[in-house]
Each structure stands twice: as C-alpha cells, then as structure tokens.
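One structure is given below, encoded as structure tokens.
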Amino acid sequence: MFTGIVEELGEIASIEPRGDSVALAIRGPLVTQDAVHGASIAVNGVCLTVVDVRDGVFTADVIKETLGKTSLGALEPGSKVNLERPVRLSDRLGGHLVQGHVDGVGTIVSREPGERWDVVTVSLPADLSRYLVDKGSITVDGISLTVVEAGADRFSVALIPTTLALTTLGHKKPGDPVNLEVDVVAKYVERMLGDRS
C-alpha cells in the first residue's frame with residue numbers, strides 16, 4: 001500500500017528484454033537505501049517487486065501484461081520516473097490509499113500554466129469516469145492528486161510548484177501517457193451497493 005506522495009524522481013538506467021518480459025533497472029538512491037530482494041517500490045504508480053539492489057539502482061521484472069496495460073512500456077533509458085516505497089503502519093497518510101494497481105492509462109490533453117502552478121487536463125477511459133468526483137482523489141503516475149473537475153472522458157488537476165518540481169508531471173506534455181489509479185474506496189462502495197440491489 002502506498003500514499004501517492006512521491007519520494008524521489010528516479011531514472012531508468014537500462015531496459016533488458018527477456019522474452020515476454022523486461023528487466024527494468026531504475027536509479028533511485030533514496031528508495032534503495034532500505035530496499036531488499038522482494039520489497040515493493042511503486043514506479044510511476046505501478047507496484048513492482050525488487051529483484052536486485054546495487055549502488056542505488058534496483059532491478060524489477062515487468063511482464064508483458066503490465067507493459068501493455070500501463071505506461072511502463074513507453075519508458076526508455078534516461079526516462080524520469082516517480083518512485084515511492086510502501087507506507088509503514090506508523091507513517092502519516094499524506095495522500096490517499098494507493099494500491100499500485102493501475103486501472104487504466106490516460107493521456108495528457110492540455111496544460112494551462114498559471115503564475116506558479118499548472119492546470120493539467122488528462123483523458124480518462126470511459127469505464128473509470130464513474131469513480132471520479134470534483135475534489136475527490138486520483139493517482140496519476142503514482143502521484144496523489146485532487147480532482148479539480150471530473151468529466152465523462154477527462155478530468156483536470158492543479159499542480160502546485162512542489163509537484164511540478166519533484167515529479168514527472170512537471171515535464172509531461174500533451175500526448176504523453178500517464179498511469180491512472182482511481183480511489184479504491186469508491187470501488188469498494190460501488191461493489192457493496194451493487195451487492196445490496
């Protein structure tokens with residue numbers, strides 16, 4: 001379980017094809033400080049399992065399904081990625097409950113720069129729109145954000161200077177893919193209400 005508060009802006013060190021999967025090597029000196037084989041680290045909102053750790057770089061195997069259903073398949077060596085270690089039970093929940101299970105991929109539609117912040121509009125797969133509400137939570141590339149406006153096929157978020165400086169959303173441009181995870185609480189509520197009718 002994660003919170004969507006990005007700890008570090010990492011970098012893809014290498015991508016090694018392995019048949020129907022790839023081995024991603026990701027540079028992240030902060031998140032690797034206490035990482036061990038089998039640990040979880042969220043990479044652009046995708047929970048990956050650490051295979052090896054050396055000199056501030058960890059490797060993770062990514063299967064074909066994950067590459068096809070997330071934006072990880074578009075990464076190249078040198079790509080910047082958002083990194084977060086799992087939350088400890090004793091930690092503050094700074095964002096919202098994030099599983100690291102991507103629900104769909106959206107695309108940056110537009111950016112409207114403000115004086116110190118940007119409003120970014122992101123396309124949304126139609127089957128996910130029912131989980132978004134104005135002022136609700138959404139995870140974009142592993143970043144916990146507040147929805148400014150929720151539409152049928154898109155939503156907007158406001159990015160403060162800290163988010164622009166410390167995450168990939170400071171560099172993304174229209175046309176770039178992003179991983180989306182809706183609020184898990186909304187999915188549980190829908191399921192429980194569906195079971196009652």
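A note on labels: chains of the structure tokens are A, B, ... as shown, every chain counts residues from 1, and ligands are counted from 1 in their shown order.
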Subject >> Exercise: range 130-141 of chain A partners within 6 Å, only C-alpha atoms, chain neighbours under 5 positions left out, as a ChimeraX atom specification >> reply: /A:44-45,146-150,178-182,186
**OP:** Determine which residues of range 129-158 of chain A receive a DSSP assignment of strand (DSSP E), computed from the backbone, and state them as an NGL selection string.
**Re:** :A and (137-140 or 143-150 or 154-158)
**OP:** Mind checking which residues fall within 7 Å of range 57-62 of chain A, counting only C-alpha atoms, ignoring those fewer than 5 positions away in the same chain, and posting them as number ranges by chain?
**Re:** A: 21-29, 32, 48-52, 67
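Each of A:Val185, A:Leu93, A:Leu193, A:Leu75 was checked against Val43 in chain A using only C-alpha atoms; the smallest atom-to-atom distance is that of A:Leu75.
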Original post:
For Ile12 in chain A, which residue out of A:Arg92, A:Arg54, A:Lys187, A:Lys80 is the nearest one, using only C-alpha atoms?
Top reply: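 Closest residue, counting only C-alpha atoms: A:Lys80.
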**OP:** Fewer than 6 positions away in the same chain doesn't count, so skip those; otherwise give me all residues within 6 Å of range 120-126 of chain A, counting only C-alpha atoms, as a list of chain:residue names.
**Re:**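 Listing them by chain and then by number gives A:Gly106, A:Thr107, A:Ile108, A:Val109, A:Ser110, A:Arg111, A:Asp153, A:Arg154, A:Phe155, A:Ser156, A:Val157.
For the pair CA of Phe2 in chain A and CA of Leu83 in chain A, the interatomic distance is 10.5 Å.
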Subject >> Ser40 in chain A environment, 9 Å, only C-alpha atoms, sequence neighbours closer than 3 positions dropped, as a PyMOL selection string >> reply: chain A and resi 35-37+47-50+84-86
Dump of N, CA and C atoms for the selected residues, as a compact mmCIF listing (two decimals), in the first residue's frame:
```txt
# COMPACT_ATOMS: atom_id res chain seq x y z
N ALA A 35 15.97 -1.00 0.62
CA ALA A 35 15.33 -1.99 -0.26
C ALA A 35 16.09 -3.30 -0.22
N VAL A 36 15.33 -4.38 -0.25
CA VAL A 36 15.90 -5.74 -0.28
C VAL A 36 15.15 -6.54 -1.34
N HIS A 37 15.72 -7.68 -1.69
CA HIS A 37 15.05 -8.57 -2.64
C HIS A 37 13.64 -8.89 -2.13
N CYS A 47 3.14 -0.91 -8.78
CA CYS A 47 3.85 -1.63 -7.72
C CYS A 47 4.72 -2.71 -8.36
N LEU A 48 6.05 -2.58 -8.21
CA LEU A 48 6.99 -3.55 -8.75
C LEU A 48 7.76 -4.20 -7.61
N THR A 49 8.21 -5.43 -7.84
CA THR A 49 8.97 -6.19 -6.85
C THR A 49 10.46 -6.09 -7.15
N VAL A 50 11.22 -5.72 -6.13
CA VAL A 50 12.67 -5.59 -6.27
C VAL A 50 13.29 -6.98 -6.42
N GLU A 84 8.16 5.59 -5.05
CA GLU A 84 7.65 5.63 -3.68
C GLU A 84 7.76 4.24 -3.06
N ARG A 85 8.26 4.21 -1.83
CA ARG A 85 8.26 2.96 -1.06
C ARG A 85 6.90 2.79 -0.40
N PRO A 86 6.55 1.56 -0.01
CA PRO A 86 5.26 1.33 0.66
C PRO A 86 5.19 2.10 1.98
```
Subject >> A:Asn82, A:Ala42, A:Gln33, A:Gly194 ranked by distance to His171 in chain A, top pick (using only C-alpha atoms) >> reply: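 For His171 in chain A, the nearest of the candidates is A:Asn82.
For Thr162 in chain A, the list of residues within 10 Å, based on only C-alpha atoms and with local chain neighbours fewer than 6 positions off taken out, reads A:Arg116, A:Trp117, A:Gly170.
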